[in-house]
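Peer 1: Got a structure for you, questions after.
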Amino acid sequence: LVRVVESGGGSQQAGGSLRLSCAASGHLYSIYCMGWFRQTPGKVREGVAQIDRGSGDTYYHDSVKGRFTISLDNTKRTVYLQIDNLQLDDTGMYYCAAAFSGYGGTCSGTMEGTNFNSWGLGTQVTVSS
C-alpha cells in the first residue's frame with residue numbers, strides 16, 4: 001500500500017508564492033503517477049498537476065499553466081507543487097494523490113482523479129488581497 005501526506009499550505013497574499021510538499025511512503029516502487037488536486041469554495045474537486053514518476057513528464061490543467069510547477073525530489077519520495085503569482089481563486093484545499101499498481105502504469109494527463117488510489121487529507125491554501 002501507499003500513503004501520502006501533504007504539508008506546506010498556509011496563508012499568503014495575492015501575488016506571492018507557496019510550495020506544497022507531499023511525502024509518499026509504503027510500496028514506493030508501485031507508484032507510477034503523482035498528482036495534485038484542489039477543491040475551491042463552491043466548485044468540485046479538480047486536478048491541477050500530475051507528474052509521471054518514471055518519465056518525469058508533467059501535465060497541468062490549462063487554468064494553472066505558467067503559475068504552477070510540479071516536481072519530484074531526487075529520491076522520488078516527495079512531490080512538490082510550486083504556486084507562483086497566487087490569486088484569490090487559488091484559495092482552497094489541496095490534495096496530493098498517488099496512483100499505484102503492481103503492474104505499473106503512466107500518468108493519463110487528463111487531470112481525472114479516478115486512477116489515483118491513495119489520497120492525502122489535504123492542506124489548506126488561503127490567498128488574501
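As shown in the C-alpha cells, the chain order sets the letters A, B, ...; within each chain, residues go from 1, and ligands are also counted from 1 in the order they appear.
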Wanna dump the stretch 12-56 of chain A-stretch 83-86 of chain A contacts at 12 Å for me, each residue with its shortest atom pair and the distance in Å to one decimal, counting only C-alpha atoms, ordered by chain and number, as JSON lines?
Peer 2:
```
{"residue": "A:Gln12", "atom": "CA", "partner": "A:Leu86", "partner_atom": "CA", "distance": 7.8}
{"residue": "A:Gln13", "atom": "CA", "partner": "A:Leu86", "partner_atom": "CA", "distance": 7.3}
{"residue": "A:Ala14", "atom": "CA", "partner": "A:Leu86", "partner_atom": "CA", "distance": 4.9}
{"residue": "A:Gly15", "atom": "CA", "partner": "A:Asn85", "partner_atom": "CA", "distance": 4.1}
{"residue": "A:Gly16", "atom": "CA", "partner": "A:Asn85", "partner_atom": "CA", "distance": 5.3}
{"residue": "A:Ser17", "atom": "CA", "partner": "A:Asp84", "partner_atom": "CA", "distance": 4.4}
{"residue": "A:Leu18", "atom": "CA", "partner": "A:Ile83", "partner_atom": "CA", "distance": 5.3}
{"residue": "A:Arg19", "atom": "CA", "partner": "A:Ile83", "partner_atom": "CA", "distance": 6.1}
{"residue": "A:Leu20", "atom": "CA", "partner": "A:Ile83", "partner_atom": "CA", "distance": 8.0}
{"residue": "A:Ser21", "atom": "CA", "partner": "A:Ile83", "partner_atom": "CA", "distance": 11.3}
{"residue": "A:Trp36", "atom": "CA", "partner": "A:Ile83", "partner_atom": "CA", "distance": 11.5}
{"residue": "A:Val48", "atom": "CA", "partner": "A:Ile83", "partner_atom": "CA", "distance": 10.8}
{"residue": "A:Ala49", "atom": "CA", "partner": "A:Ile83", "partner_atom": "CA", "distance": 11.0}
```
Peer 1: Those selected residues, please, written with C-alpha atoms and delivered as a PDB file, in the first residue's frame.
Peer 2:
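Result went into result.pdb, see below:
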```pdb
ATOM      1  CA  GLN A  12      -0.325  34.213   1.615  1.00  0.00           C
ATOM      2  CA  GLN A  13      -1.126  37.452  -0.115  1.00  0.00           C
ATOM      3  CA  ALA A  14      -2.079  37.565  -3.745  1.00  0.00           C
ATOM      4  CA  GLY A  15       0.975  37.718  -5.947  1.00  0.00           C
ATOM      5  CA  GLY A  16       3.057  35.706  -3.525  1.00  0.00           C
ATOM      6  CA  SER A  17       4.244  32.110  -3.738  1.00  0.00           C
ATOM      7  CA  LEU A  18       3.784  28.884  -1.830  1.00  0.00           C
ATOM      8  CA  ARG A  19       5.345  25.474  -2.154  1.00  0.00           C
ATOM      9  CA  LEU A  20       3.347  22.445  -1.157  1.00  0.00           C
ATOM     10  CA  SER A  21       5.033  19.153  -0.348  1.00  0.00           C
ATOM     11  CA  TRP A  36      -2.195  17.491  -7.017  1.00  0.00           C
ATOM     12  CA  VAL A  48      -4.230  20.778 -11.321  1.00  0.00           C
ATOM     13  CA  ALA A  49      -0.962  18.928 -11.977  1.00  0.00           C
TER      14      ALA A  49
END
```
Peer 1: Residues near stretch 108-124 of chain A, anyone? I mean within 6 Å using only C-alpha atoms, not counting same-chain ones fewer than 4 positions away, as a CSV table (one decimal) with all heavy atoms, in the first residue's frame.
Peer 2:
```
chain,number,residue,atom,x,y,z
A,4,VAL,N,0.2,9.0,1.4
A,4,VAL,CA,0.8,10.3,1.1
A,4,VAL,C,0.3,11.3,2.1
A,4,VAL,O,-0.8,11.2,2.6
A,4,VAL,CB,0.4,10.7,-0.4
A,4,VAL,CG1,1.0,9.8,-1.4
A,4,VAL,CG2,-1.1,10.7,-0.5
A,5,VAL,N,1.2,12.2,2.4
A,5,VAL,CA,0.9,13.2,3.4
A,5,VAL,C,1.3,14.6,2.9
A,5,VAL,O,2.5,14.7,2.6
A,5,VAL,CB,1.6,12.9,4.8
A,5,VAL,CG1,1.3,14.0,5.8
A,5,VAL,CG2,1.2,11.6,5.3
A,9,GLY,N,0.9,24.1,3.2
A,9,GLY,CA,-0.1,25.1,3.0
A,9,GLY,C,-0.1,26.3,3.9
A,9,GLY,O,0.8,26.3,4.9
A,47,GLY,N,-8.3,18.4,-10.8
A,47,GLY,CA,-6.9,18.1,-10.9
A,47,GLY,C,-6.1,19.3,-11.4
A,47,GLY,O,-6.6,19.9,-12.4
A,59,TYR,N,2.1,17.3,-16.4
A,59,TYR,CA,0.8,17.7,-17.0
A,59,TYR,C,0.1,18.7,-16.1
A,59,TYR,O,0.2,18.6,-14.9
A,59,TYR,CB,-0.1,16.5,-17.2
A,59,TYR,CG,0.6,15.3,-17.9
A,59,TYR,CD1,1.3,14.4,-17.2
A,59,TYR,CD2,0.5,15.2,-19.3
A,59,TYR,CE1,1.9,13.3,-17.9
A,59,TYR,CE2,1.1,14.2,-20.0
A,59,TYR,CZ,1.8,13.2,-19.2
A,59,TYR,OH,2.4,12.2,-19.9
A,92,GLY,N,-8.2,27.3,-1.3
A,92,GLY,CA,-8.9,26.0,-1.3
A,92,GLY,C,-8.1,25.0,-0.6
A,92,GLY,O,-7.0,25.2,-0.1
A,93,MET,N,-8.6,23.8,-0.6
A,93,MET,CA,-7.9,22.6,0.0
A,93,MET,C,-7.2,21.9,-1.2
A,93,MET,O,-7.8,21.6,-2.2
A,93,MET,CB,-8.9,21.7,0.7
A,93,MET,CG,-8.3,20.6,1.5
A,93,MET,SD,-7.4,21.2,2.9
A,93,MET,CE,-8.8,21.4,4.0
A,94,TYR,N,-5.9,21.7,-0.9
A,94,TYR,CA,-5.1,21.0,-1.9
A,94,TYR,C,-4.8,19.6,-1.5
A,94,TYR,O,-4.3,19.4,-0.4
A,94,TYR,CB,-3.8,21.8,-2.2
A,94,TYR,CG,-4.1,23.0,-3.0
A,94,TYR,CD1,-4.8,24.1,-2.5
A,94,TYR,CD2,-3.6,23.1,-4.3
A,94,TYR,CE1,-5.0,25.2,-3.3
A,94,TYR,CE2,-3.9,24.2,-5.1
A,94,TYR,CZ,-4.6,25.3,-4.6
A,94,TYR,OH,-4.8,26.4,-5.3
A,95,TYR,N,-5.0,18.6,-2.4
A,95,TYR,CA,-4.8,17.2,-2.0
A,95,TYR,C,-3.7,16.6,-2.9
A,95,TYR,O,-3.7,16.9,-4.1
A,95,TYR,CB,-6.1,16.4,-2.3
A,95,TYR,CG,-7.3,16.9,-1.4
A,95,TYR,CD1,-8.1,17.9,-1.8
A,95,TYR,CD2,-7.5,16.3,-0.1
A,95,TYR,CE1,-9.2,18.3,-1.0
A,95,TYR,CE2,-8.5,16.8,0.7
A,95,TYR,CZ,-9.4,17.7,0.2
A,95,TYR,OH,-10.4,18.1,1.0
A,96,CYS,N,-2.9,15.8,-2.3
A,96,CYS,CA,-1.9,15.0,-3.1
A,96,CYS,C,-2.5,13.6,-3.3
A,96,CYS,O,-3.2,13.1,-2.4
A,96,CYS,CB,-0.6,15.0,-2.3
A,96,CYS,SG,0.6,13.9,-3.0
A,97,ALA,N,-2.2,13.0,-4.4
A,97,ALA,CA,-2.7,11.7,-4.6
A,97,ALA,C,-1.6,10.9,-5.4
A,97,ALA,O,-0.8,11.5,-6.1
A,97,ALA,CB,-4.0,11.7,-5.4
A,98,ALA,N,-1.6,9.6,-5.2
A,98,ALA,CA,-0.7,8.7,-5.9
A,98,ALA,C,-1.5,7.6,-6.6
A,98,ALA,O,-2.5,7.1,-6.0
A,98,ALA,CB,0.3,8.1,-4.9
A,99,ALA,N,-1.1,7.3,-7.8
A,99,ALA,CA,-1.6,6.2,-8.5
A,99,ALA,C,-0.6,5.1,-8.4
A,99,ALA,O,0.6,5.3,-8.9
A,99,ALA,CB,-1.9,6.6,-9.9
```
Peer 1: Using DSSP assignments from the backbone, pull out every residue in chain A that falls under helix (DSSP H, G or I) and give it to me as a list in words.
Peer 2: Leu28, Tyr29, Ser30, Asp62, Ser63, Val64, Leu88, Asp89 and Asp90 of chain A
Peer 1: Between A:Arg3, A:Ser25, A:Thr58, A:Cys107, single out the one closest to A:Lys76, counting only C-alpha atoms.
Peer 2: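 Nearest candidate to A:Lys76 out of A:Arg3, A:Ser25, A:Thr58, A:Cys107: A:Ser25.
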Peer 1: To one decimal in Å, tell me the separation between atom CA of A:Met34 and atom CA of A:Asp52.
Peer 2: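 Interatomic distance here is 6.6 Å.
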Peer 1: Mind listing the strand (DSSP E or B) residues of chain A, per DSSP on the backbone, as a ChimeraX atom specification?
Peer 2: /A:2-7,10-13,18-26,31-39,46-52,58-60,68-72,78-83,92-100,118-119,123-128
